[in-house]
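Take a look at the structure set out below.
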Amino acid sequence: MSVTTPAGAATAAPAGAGGHGPWSRASALLWRRPWARATLLLTPPLAWFLLIYIASLAVLLITAFWTINPFTTNIERTWNLTNLTTILGTSAYREIILRTVGMAAGVTVIDAIVAIPFAYYMARIARPRTRTFLFVCVLLPLWASYLAKVFAWLLIFTHDGVLNWALGKIGIGPLNLIYTNTAVFVVFCYIWLPYMVIPVYAALERIPASQIEASQDLGGRTLRTVRSVILPLALPGIVAGSIFTFSLTLGDYITPILIGGGNSTLIGNVIDSNVVYNLPLAAAMATVPIAIMACYLLASRALGAFREI
Amino acid sequence: MEPAGLRVALRIWVVLVLLALFTPIVLIVVYAFGPSVVQTWPLRGFTWHWFAVAWHDQAVRQAFLLSVKVGLVAAGIALVLGSAVSYALHNFRFFGAEGISLLLVLPLALPGVITGVALNNLFYFANIPLGVLTIVIGHVTFCIVIVYNNLIARLRRTPRSLGEASADLGARGWQTQLYVMAPQVATALVSGALLAFALSFDEVIVTVFTAGANFTLPLWIFGQLRQGQQLPEVNAVVTIVILLTIIPVLLAARLAGAGAAVPTARAAASADTANAPGTMSA
């Protein structure tokens with residue numbers, strides 16, 4: 001590994017580097033060897049990530065190719081493709097995968113449609129004070145307890161809840177929304193919306209005003225300017241936001257349990273319900289979202305979204 | 001400039017989105033003061049009763065204390081590891097630096113259930129019993145990136161000339177770090193730690209897989225919601241959790257600018273230029 005300090009930093013060696021005592025000698029030694037300092041700083045966090053996170057993902061991928069003994073429920077460490085063929089060969093599992101991916105894609109599209117005008121107003125129309133206010137207004141729901149938000153929607157959708165009460169006031173009969181896929185979809189759109197707003201805002205905020213003016217000077221009407229100038233420049237931000245909305249939906253199993261009841265089973269639920277008694281199957285199921293996200297992240301990198309993360 | 005009609009339409013859109021964002025949160029707080037055991041709308045009356053019930057509930061107390069403990073330890077470890085990686089990536093150029101920053105954000109970018117089941121699987125094969133230690137390990141893994149985002153955004157905005165001037169004036173390396181750089185980055189470190197605590201305090205998706213028989217506060221809430229039990233008490237607890245996650249976030253935003261509290265480094269940097277530290281009035 002060749003380590004270089006950025007230009008200028010190297011010339012800033014301390015004047016008193018030739019000090020006395022083991023401490024100053026050690027620090028002088030470190031100062032003259034950037035690679036030693038870099039190694040010292042990087043070893044603990046990288047060790048954490050490699051030994052715990054990456055190792056756990058690797059073990060997970062290996063476990064996906066093992067099976068469980070149906071009588072003893074012990075894990076048998078022989079390589080085979082049983083789990084993957086079970087998942088891809090069972091129509092119920094295929095349906096769950098398609099439903100989850102469809103749900104994640106739908107949530108991403110809706111969140112982008114809701115977020116883009118909001119972020120545009122924040123970034124390009126609102127005055128600085130309003131902008132800060134709106135920023136905090138997006139951050140608070142993002143950080144407010146996840147379970148609190150899901151619970152709130154349970155109270156809204158439940159049969160004698162707020163929604164049916166409000167609908168009753170305007171004369172529309174009670175809806176049976178709780179424990180449906182529609183309800184789960186709405187809750188996902190709500191919970192992940194702030195994750196889309198913020199990167200889109202960051203991307204829109206950086207568009208130089210001159211580029212939009214240039215488009216208008218060249219005769220571009222509002223729609224044309226939006227389509228040909230603003231959206232292409234905002235795209236990396238939209239893709240960065242979509243990584244979060246897509247991935248968070250893909251990996252959630254709590255909202256489907258609480259809002260969907262037993263009627264909305266997603267990939268996460270299959271993993272969750274198999275983790276105790278059939279770890280290899282859970283691991284194999286987990287490779288599906290990993291593979292999907294790997295493709296998604298590669299495509300995002302091609303669109304320049306990584307600079308926005 | 002946008003046509004007037006478009007501006008009005010956008011303004012209406014913003015108000016509608018804000019209403020949609022806040023209605024559920026306000027609602028859950030309002031419900032916590034409802035007297036009825038059965039949760040129906042509209043509420044009939046006002047009571048503090050459920051907060052008292054939650055206060056005297058031993059299970060809630062234990063779960064709360066565990067969550068605070070885990071949050072403090074996880075935020076502490078994440079602070080050390082996240083700072084180290086920020087300094088390394090900011091001060092040194094080397095092959096693979098971009099890969100490291102991608103690696104850090106991976107626990108947030110990959111679905112939470114993956115991190116959960118992967119850690120559960122690792123602990124199973126490594127014969128590590130699930131407990132407080134394993135909860136902390138899971139939390140630190142996704143908290144590091146929060147500290148990193150905050151600190152790297154601040155380091156990038158701190159002029160290099162400050163450190164160089166200090167060195168030119170004869171300061172040793174550690175003196176420059178302690179007396180010149182540390183005050184520059186202190187608020188970013190504090191806000192990073194606060195956000196890491198808030199993230200840990202509220203986490204449930206990964207924690208389900210790493211907690212074993214232990215209950216953090218979110219796990220207790222999830223258990224009650226799943227069984228549909230003691231819902232009015234859950235309302236009160238959830239209201240307190242909202243406060244306890246929002247207060248660190250507001251503090252962090254006040255200390256380091258609103259951009260501190262966003263999940264991505266780039267957005268943080270972008271928002272931070274709009275809100276210089278200390279000028280935000282939340």
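We label chains A, B, ... in the order they appear in the structure tokens, count residues from 1 in each chain, and number ligands from 1 in the order shown.
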* To do: Name the residues of stretch 63-248 of chain A that fall into strand (DSSP E or B) according to DSSP on the backbone, using the chain letters and numbers of this document, as JSON, numbers by chain.
  => {"A": [67, 68, 75, 76]}
* Would you mind listing what lies within 10 Å of B:Ile205 as a PyMOL selection string, with only C-alpha atoms counted and same-chain residues fewer than 5 positions away left out? => (chain A and resi 146+251-254+268+272) or (chain B and resi 111-117+210+218-219)
Can you write just those residues out, C-alpha atoms, as a PDB file, in the first residue's frame?
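Ended up saving to selection-v5.pdb:
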```
ATOM      1  CA  TYR A 146     -39.410   3.594  13.580  1.00  0.00           C
ATOM      2  CA  GLY A 251     -35.057  -5.782   4.039  1.00  0.00           C
ATOM      3  CA  ASP A 252     -38.003  -4.901   6.239  1.00  0.00           C
ATOM      4  CA  TYR A 253     -40.035  -7.576   7.966  1.00  0.00           C
ATOM      5  CA  ILE A 254     -41.498  -5.615  10.875  1.00  0.00           C
ATOM      6  CA  GLY A 268     -37.545 -10.439   5.240  1.00  0.00           C
ATOM      7  CA  ASP A 272     -37.065 -13.961  10.063  1.00  0.00           C
TER       8      ASP A 272
ATOM      9  CA  PRO B 111     -31.155  -4.356   3.881  1.00  0.00           C
ATOM     10  CA  GLY B 112     -31.124  -4.458   7.703  1.00  0.00           C
ATOM     11  CA  VAL B 113     -32.411  -8.007   7.809  1.00  0.00           C
ATOM     12  CA  ILE B 114     -29.219  -9.108   6.013  1.00  0.00           C
ATOM     13  CA  THR B 115     -26.958  -7.568   8.653  1.00  0.00           C
ATOM     14  CA  GLY B 116     -29.149  -9.139  11.320  1.00  0.00           C
ATOM     15  CA  VAL B 117     -29.229 -12.666   9.956  1.00  0.00           C
ATOM     16  CA  THR B 210     -28.676 -10.332  18.036  1.00  0.00           C
ATOM     17  CA  PRO B 218     -37.752  -1.276  20.887  1.00  0.00           C
ATOM     18  CA  LEU B 219     -37.829  -5.076  21.287  1.00  0.00           C
TER      19      LEU B 219
END
```
* May I ask which of the residues A:Thr67, A:Ser210, A:Thr39, A:Thr108 is the closest one to A:Thr249, counting only C-alpha atoms? =>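 Closest candidate: A:Thr108.
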Got a sec: who's within 7 Å of A:Glu205, counting only C-alpha atoms, leaving out chain neighbours fewer than 4 positions off, as a PDB file with C-alpha atoms, in the first residue's frame?
```pdb
ATOM      1  CA  ALA A 123     -33.425  23.927  -2.602  1.00  0.00           C
ATOM      2  CA  ARG A 124     -34.393  26.594  -5.104  1.00  0.00           C
ATOM      3  CA  TYR A 201     -32.299  18.188  -2.136  1.00  0.00           C
TER       4      TYR A 201
END
```
* Please provide as a PyMOL selection string all residues within 10 Å of A:Val288, with the sequence filter that same-chain residues fewer than 2 positions apart are discarded (counting only C-alpha atoms). => (chain A and resi 84+87+97+250+267+283-286+290-294) or (chain B and resi 114)
Written selection (C-alpha atoms) as a tab-separated table (two decimals), in the first residue's frame:
```tsv
chain	number	residue	atom	x	y	z
A	84	LEU	CA	-31.45	-22.37	-3.65
A	87	ILE	CA	-36.39	-21.14	-3.14
A	97	ILE	CA	-39.54	-12.46	-4.10
A	250	LEU	CA	-36.32	-4.95	0.56
A	267	ILE	CA	-38.41	-11.77	1.79
A	283	ALA	CA	-29.20	-17.69	4.65
A	284	ALA	CA	-30.13	-18.80	1.15
A	285	MET	CA	-33.13	-16.45	1.17
A	286	ALA	CA	-30.82	-13.64	2.32
A	290	ILE	CA	-27.82	-9.32	-1.45
A	291	ALA	CA	-27.68	-10.24	-5.14
A	292	ILE	CA	-30.38	-7.69	-6.01
A	293	MET	CA	-28.64	-4.91	-4.06
A	294	ALA	CA	-25.25	-5.82	-5.58
B	114	ILE	CA	-29.22	-9.11	6.01
```
* Asked: Using only C-alpha atoms, which of A:Thr73, A:Ser56, A:Gln211, A:Thr78 sits nearest A:Thr225?
  -> A:Gln211
* **Nearest-residue call for A:Tyr53, choices B:Leu104, B:Leu89, B:Leu10, B:Leu169, using only C-alpha atoms** => B:Leu104
* If you run DSSP on this backbone, which residues of stretch 33-174 of chain A come out as alpha helix (DSSP H), and could you give them as a count of residues only? -> 98
* Asked: In Å, how far is it from atom CA of A:Ile243 to atom CA of A:Asn269?
  ->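 Atom-to-atom, atom CA of A:Ile243 to atom CA of A:Asn269, that is 20.7 Å.
By chain and then residue number, the residues within 8 Å of B:Val70 are Val132, Ile135, Val136, Ser200 and Phe201 of chain B, counting only C-alpha atoms and disregarding those fewer than 5 positions away in sequence.
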Can those selected residues be exported to a file as a PDB file, in the first residue's frame so that it contains C-alpha atoms?
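Dumped to selection.pdb:
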```pdb
ATOM      1  CA  VAL B 132     -25.660  -7.559  25.514  1.00  0.00           C
ATOM      2  CA  ILE B 135     -26.363  -6.362  20.574  1.00  0.00           C
ATOM      3  CA  VAL B 136     -23.537  -3.837  20.968  1.00  0.00           C
ATOM      4  CA  SER B 200     -28.859   2.594  18.517  1.00  0.00           C
ATOM      5  CA  PHE B 201     -31.618   3.516  20.957  1.00  0.00           C
TER       6      PHE B 201
END
```
* With only C-alpha atoms as the atoms that count, which of B:Gly45, B:Gly192, B:Pro232, B:Gly163 lies nearest to B:Tyr179? ->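 Residue with the minimum atom-to-atom distance to B:Tyr179: B:Gly163.
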* Asked: Between A:Asn181, A:Ser215, A:Asn69, A:Thr222, which one has atoms that come closest to chain B, using only C-alpha atoms?
  ->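 When distances to chain B are compared using only C-alpha atoms, the smallest one comes from A:Thr222.
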* **Computed interatomic separation between atom CA of B:Ala167 and atom CA of B:Arg93 (Å)** => 21.0 Å
* Report the distance between atom CA of A:Gly161 and atom CA of A:Ala183 in Å, rounded to one decimal place. => 13.3 Å
* To do: Give the answer as one residue: which of B:Val80, B:Val29, B:Leu199, B:Ala97 has the shortest atom-to-atom distance to B:His139, using only C-alpha atoms?
  =>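 Looking only at the distances to B:His139, the closest residue turns out to be B:Leu199.
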* **Residues near B:Lys69, cut-off 10 Å, only C-alpha atoms, skip fewer than 4 positions along chain, as a list of chain:residue names** =>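 My reading of the contact set: B:Ala63, B:Phe64, B:Leu65, B:Val73, B:Ala74, B:Ala75, B:Val132, B:Val136, B:Phe197, B:Phe201, B:Thr216.
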